[in-house]
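Trainee: A single structure is presented below for examination.
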Amino acid sequence: MDNIKQKSIYYKFGLYLLIIVLLNLIAINFFFRIDLTSNNLYSLSKASKQAVATLREPLTINVFFSKNLPAPYNTIESYLHDLLEAYALHANEYLSYRFFDVTAKEGDLSEQAEVNRSKAQDFGIYPVNVQKIEQDEAKLQRAYMGMVFIHGDIVEKIPAITSTQRLEYKITTTIQKMNNKISALLNLDGKIEVNLVKSSSLHEIAKQVGLEGLDGLRNRINEIVSELNTKLYGQLTFQYLDPSKEQVSEEDLNKFQRFMLQWPEIEGSEGQMIKAGEGMLALGVEYKDRSIERSLLDRSLNLTSQGLQEQFSVIEEDTIRTFIEENVDNVINIHEEIGYLTSHSTLNLSYSLPPQLQGMQQQQGSLNNFNSLIGENNTINRVDLNEDEIPESIDTLIIAGPRESFSDWDLFQIDQFLMKGKSLALFIDSFNEVQQSQNQMYGMGQSMYMPINTGLGKLLDHYGINVQKAYILDESCYVSRDQRMGETPIYFAPLIKNENINHGLDFLKNIKEIIMVQVSPLSSDAKELKKKEISLKTLMSSSKNSWTMSGQINLNPMLLRPPADTDEMKSFPLAYLAEGTFTSYFADKEIPEKPVQEPEDSEEEQDTDPEGTSSEEQSEQAPIQSERGIITSGRPGKIFLVGSAEILKDNLLDENGESPNAQFILNVIDYLNNKEGIAVMRSKNQRFNPLKDTRPITRSLVKVINIGGLPALFILIGIFVWVKRKARRKMIKNTFVK
């Protein structure tokens, strides 16, 4: 009997062991995990799954990451490993990844690690400096923290991964970019031209300015182009232009004129006279009507025997290679296009200073950060309504801070663009700030705020929304802190808190705080919107302690005070998103006439052609006249409206796109451009989580509980236990002691 019982134990053990093995085998093939984080930080977004699911050729990811890094870098590798494993799971076996060991062990670099480091540098991955604390001292450590993507003949890289912030976004957009690039290269109608413009006249003054590297430059760039052709499916062609010797067309040279160097007659190093002349050294990448150029010369001031002199040198070959490779993407337009209105005195996308002065002076009101952030994964198409109509290739048009009036023809273009099911992003300023003479007493300039009337208002009124001629002032605002002045609330810079942001939209769920500047309240016609079945969402609002300023505007922080009557305070909508099938403003109107450009020729020359026929006779003789219809009600479109263009400026958008303001703007643009998945993924790692505001009495109560409440609670528990024990002893004594 005991023998049977013992055998039964062995059978059960074997059965349990077999079940465990089978469960592990099943788990290998049917892997799953549960992400309990609120933002699903450790799960792939829908956009990432779609990006790898569409792969039709193998994608290889090589990761070069040093081990034993100090905090906070020591967790990046494990996070990256888990992330790539999730990508591979959804890639249908088209994605593989490998981590290369580049770490020196016990101070010595192994042969394999040295080979791996060499491979990393061949891909353009170089070590970066990270700070570590060792024996109470801050030291720098060199570490490899990059990854390379190889898809067909296309190679892309992320050279430095110093944070897990936006890492999934960077990987997914890189994969999408490679997919788009392969398709674009294989479907090109013609070749991509790499143009080297080198004036032979530069050789005459090369010794005088210390210019080296001119000899053989043509062959070196030709070799670079040939090398890149192996990666770009042979779509590059090289062209050499010498303005000093060859007959180069003016059209070809116009793009490079800003790089022209001029010199007076000077005496050479051997006593000979060198004639005054000019020359240029530049490189351009061009495809059809798109081209990007740069100078191949670096300038520097060096101390010589004759004092400080300007010296020149040819830029390094790696810089030339990178310039060609990166700008191939721009000229073949692998990204989706976004339109930006440049006419009607809108805000400038970039510096208006000459290239040599850029970076030396920060221009007020520039949109450089906005330009670079939007341009990361989009092609910005500059639209000038004074010259052309809105291109059909763009799905979203951005209008930022226009100052000039729109003609009826311009409004017709914008209206019909929306009727085609496209999107408008409108950043509308209500006032134009005009600087006045300085105040003699305070030494500061006073500003006048003149209302701006561009004509867009009547278009927006028809759609059921508009911007009011006022500024929002809010007690919930940015506070300036100064040692002399103390804390000064800037009421015209409202701080939009978490509770006033619409988290019902997925791309706004993780945006917890936004700062606005000189923003106007919005208004809407609820009946008109309901009648037209237009969905209107308020994306953010001011706090309930806000009020408006209109008429005589004065934004001097020292003179601003909240109104004495709190009944004037309430919450105001600051950003709208309207979606639906809009009806045209011109549905019951005649098509506006296109403004006629003023010809440069005289009136007599305009009235007759070379044959002597007058313009009136020509119009009468024309057998065919084009007639353009109006789209009265088109496809569903979108309008984003905010009463300020200040939100786009560099002082409110960080250059890395990680702040809540930058995330908000980028997510809105992506949503309008039908890339909601990318917008949701971008803000998933937004970790700015401000504490909820509480009243002073609540904060005081919490402090009292934390300081005195917990000790008092322990004392009460102790008293309770003491009383219980005393009662128990008394009960025992009464039971056994008679």
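Simple scheme: letters A, B, ... for chains in structure tokens order, numbers from 1 for residues in each chain, numbers from 1 for ligands in the order shown.
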Using only C-alpha atoms, which residues sit within 12 Å of Leu555 (chain A) once same-chain residues fewer than 6 positions away are excluded, as a list in words?

Mentor: Glu433, Gln446, Ser447, Met448, Tyr449, Ala470, Tyr471, Ile472, Leu473, Pro489, Ile490, Tyr491, Phe492, Ala493, Val517, Gln518, Thr548, Met549 and Arg561 of chain A

Trainee: Those same residues - C-alpha atoms - I'd like them written as a PDB file, in the first residue's frame.

Mentor:
```pdb
ATOM      1  CA  GLU A 433       1.465  96.120 -31.084  1.00  0.00           C
ATOM      2  CA  GLN A 446       4.932 102.510 -24.395  1.00  0.00           C
ATOM      3  CA  SER A 447       2.952 100.388 -26.809  1.00  0.00           C
ATOM      4  CA  MET A 448      -0.291 100.999 -28.626  1.00  0.00           C
ATOM      5  CA  TYR A 449      -2.492  98.065 -29.578  1.00  0.00           C
ATOM      6  CA  ALA A 470     -10.072  91.611 -26.491  1.00  0.00           C
ATOM      7  CA  TYR A 471      -7.283  90.080 -24.415  1.00  0.00           C
ATOM      8  CA  ILE A 472      -7.737  87.487 -21.682  1.00  0.00           C
ATOM      9  CA  LEU A 473      -6.324  88.347 -18.238  1.00  0.00           C
ATOM     10  CA  PRO A 489       1.876  88.080 -11.894  1.00  0.00           C
ATOM     11  CA  ILE A 490       1.767  88.455 -15.697  1.00  0.00           C
ATOM     12  CA  TYR A 491      -1.997  88.397 -16.077  1.00  0.00           C
ATOM     13  CA  PHE A 492      -1.866  88.462 -19.895  1.00  0.00           C
ATOM     14  CA  ALA A 493       0.063  85.146 -19.856  1.00  0.00           C
ATOM     15  CA  VAL A 517       0.459  84.913 -24.134  1.00  0.00           C
ATOM     16  CA  GLN A 518      -1.755  87.788 -25.321  1.00  0.00           C
ATOM     17  CA  THR A 548     -11.129  90.515 -20.540  1.00  0.00           C
ATOM     18  CA  MET A 549      -9.489  93.776 -21.550  1.00  0.00           C
ATOM     19  CA  ARG A 561      -5.163  94.488 -11.264  1.00  0.00           C
TER      20      ARG A 561
END
```

Trainee: List the neighbours of Lys132 (chain A) out to 12 Å using only C-alpha atoms; skip same-chain residues closer than 4 positions along the sequence, and give me the result as a ChimeraX atom specification.

Mentor: /A:68-74,136-143

Trainee: Could you take the residues named above and write them with N, CA and C atoms, as a PDB file, in the first residue's frame?

Mentor:
```pdb
ATOM      1  N   ASN A  68      27.019  49.243 -18.009  1.00  0.00           N
ATOM      2  CA  ASN A  68      27.448  49.776 -16.711  1.00  0.00           C
ATOM      3  C   ASN A  68      27.489  51.310 -16.703  1.00  0.00           C
ATOM      4  N   LEU A  69      26.467  51.923 -17.285  1.00  0.00           N
ATOM      5  CA  LEU A  69      26.398  53.383 -17.296  1.00  0.00           C
ATOM      6  C   LEU A  69      25.804  53.889 -15.990  1.00  0.00           C
ATOM      7  N   PRO A  70      26.147  55.104 -15.590  1.00  0.00           N
ATOM      8  CA  PRO A  70      25.573  55.671 -14.364  1.00  0.00           C
ATOM      9  C   PRO A  70      24.113  56.060 -14.573  1.00  0.00           C
ATOM     10  N   ALA A  71      23.405  56.264 -13.454  1.00  0.00           N
ATOM     11  CA  ALA A  71      22.022  56.749 -13.535  1.00  0.00           C
ATOM     12  C   ALA A  71      22.038  58.173 -14.107  1.00  0.00           C
ATOM     13  N   PRO A  72      21.038  58.565 -14.908  1.00  0.00           N
ATOM     14  CA  PRO A  72      19.811  57.832 -15.252  1.00  0.00           C
ATOM     15  C   PRO A  72      19.921  57.024 -16.546  1.00  0.00           C
ATOM     16  N   TYR A  73      21.147  56.855 -17.061  1.00  0.00           N
ATOM     17  CA  TYR A  73      21.333  56.201 -18.359  1.00  0.00           C
ATOM     18  C   TYR A  73      21.314  54.674 -18.255  1.00  0.00           C
ATOM     19  N   ASN A  74      21.428  54.142 -17.020  1.00  0.00           N
ATOM     20  CA  ASN A  74      21.555  52.693 -16.870  1.00  0.00           C
ATOM     21  C   ASN A  74      20.271  51.935 -17.170  1.00  0.00           C
ATOM     22  N   ASP A 136      32.316  61.225  -4.656  1.00  0.00           N
ATOM     23  CA  ASP A 136      31.887  62.617  -4.435  1.00  0.00           C
ATOM     24  C   ASP A 136      32.445  63.583  -5.470  1.00  0.00           C
ATOM     25  N   GLU A 137      32.814  63.071  -6.643  1.00  0.00           N
ATOM     26  CA  GLU A 137      33.322  63.925  -7.713  1.00  0.00           C
ATOM     27  C   GLU A 137      32.527  63.669  -8.991  1.00  0.00           C
ATOM     28  N   ALA A 138      32.239  64.752  -9.711  1.00  0.00           N
ATOM     29  CA  ALA A 138      31.546  64.625 -11.000  1.00  0.00           C
ATOM     30  C   ALA A 138      32.575  64.391 -12.094  1.00  0.00           C
ATOM     31  N   LYS A 139      32.426  63.274 -12.813  1.00  0.00           N
ATOM     32  CA  LYS A 139      33.361  62.931 -13.874  1.00  0.00           C
ATOM     33  C   LYS A 139      32.586  62.674 -15.166  1.00  0.00           C
ATOM     34  N   LEU A 140      33.290  62.770 -16.281  1.00  0.00           N
ATOM     35  CA  LEU A 140      32.691  62.500 -17.590  1.00  0.00           C
ATOM     36  C   LEU A 140      33.114  61.127 -18.074  1.00  0.00           C
ATOM     37  N   GLN A 141      32.171  60.398 -18.623  1.00  0.00           N
ATOM     38  CA  GLN A 141      32.443  59.071 -19.161  1.00  0.00           C
ATOM     39  C   GLN A 141      32.012  59.034 -20.623  1.00  0.00           C
ATOM     40  N   ARG A 142      32.844  58.456 -21.473  1.00  0.00           N
ATOM     41  CA  ARG A 142      32.514  58.319 -22.895  1.00  0.00           C
ATOM     42  C   ARG A 142      31.699  57.051 -23.089  1.00  0.00           C
ATOM     43  N   ALA A 143      30.567  57.186 -23.769  1.00  0.00           N
ATOM     44  CA  ALA A 143      29.672  56.045 -23.925  1.00  0.00           C
ATOM     45  C   ALA A 143      29.018  56.052 -25.298  1.00  0.00           C
TER      46      ALA A 143
END
```

Trainee: Write down as a list of chain:residue names the residues of region 38-99 of chain A whose backbone DSSP state falls under alpha helix (DSSP H).

Mentor: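 So, restricting region 38-99 of chain A to alpha helix (DSSP H), we get A:Lys46, A:Ala47, A:Ser48, A:Lys49, A:Gln50, A:Ala51, A:Val52, A:Ala53, A:Ile76, A:Glu77, A:Ser78, A:Tyr79, A:Leu80, A:His81, A:Asp82, A:Leu83, A:Leu84, A:Glu85, A:Ala86, A:Tyr87, A:Ala88, A:Leu89.
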
Trainee: Out of A:Glu676, A:Asp588, A:Asp215, A:Glu168, which residue has the shortest atom-to-atom distance to Asp82 (chain A) when counting only C-alpha atoms?

Mentor: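 Under the stated criterion, the closest residue is A:Glu168.
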
Trainee: Give me the residues within 9 Å of Tyr233 (chain A) as number ranges by chain, counting only C-alpha atoms and dropping any in the same chain fewer than 4 places off.

Mentor: A: 153-154, 182, 185-186, 228-229

Trainee: Taking 2 positions as the minimum chain separation for residues in the same chain, which residues sit within 12 Å of Lys458 (chain A) when counting only C-alpha atoms? Answer as a PyMOL selection string.

Mentor: chain A and resi 405-408+411-412+415+453-456+460-467+584-586

Trainee: Keeping only C-alpha atoms, write the selected residues as a CSV table (one decimal), in the first residue's frame.

Mentor:
```csv
chain,number,residue,atom,x,y,z
A,405,SER,CA,-6.3,92.4,-45.4
A,406,PHE,CA,-7.3,89.4,-47.5
A,407,SER,CA,-9.0,90.2,-50.8
A,408,ASP,CA,-12.2,88.4,-51.7
A,411,LEU,CA,-10.8,84.4,-49.0
A,412,PHE,CA,-12.3,82.4,-51.9
A,415,ASP,CA,-12.9,78.9,-48.4
A,453,ASN,CA,-9.0,93.6,-39.4
A,454,THR,CA,-7.9,91.1,-42.1
A,455,GLY,CA,-11.3,90.1,-43.4
A,456,LEU,CA,-10.9,86.5,-42.1
A,460,LEU,CA,-15.2,82.6,-39.6
A,461,ASP,CA,-18.5,84.2,-38.7
A,462,HIS,CA,-20.1,82.3,-41.5
A,463,TYR,CA,-18.6,79.0,-40.2
A,464,GLY,CA,-20.0,79.8,-36.7
A,465,ILE,CA,-16.9,80.7,-34.8
A,466,ASN,CA,-14.7,83.9,-34.4
A,467,VAL,CA,-12.1,85.7,-32.3
A,584,SER,CA,-19.1,77.8,-48.5
A,585,TYR,CA,-19.2,81.5,-47.7
A,586,PHE,CA,-19.5,82.1,-51.4
```

Trainee: Nearest residue to Phe507 (chain A) out of A:Ile428, A:Leu666, A:Ile61, A:Met450, using only C-alpha atoms?

Mentor: A:Leu666
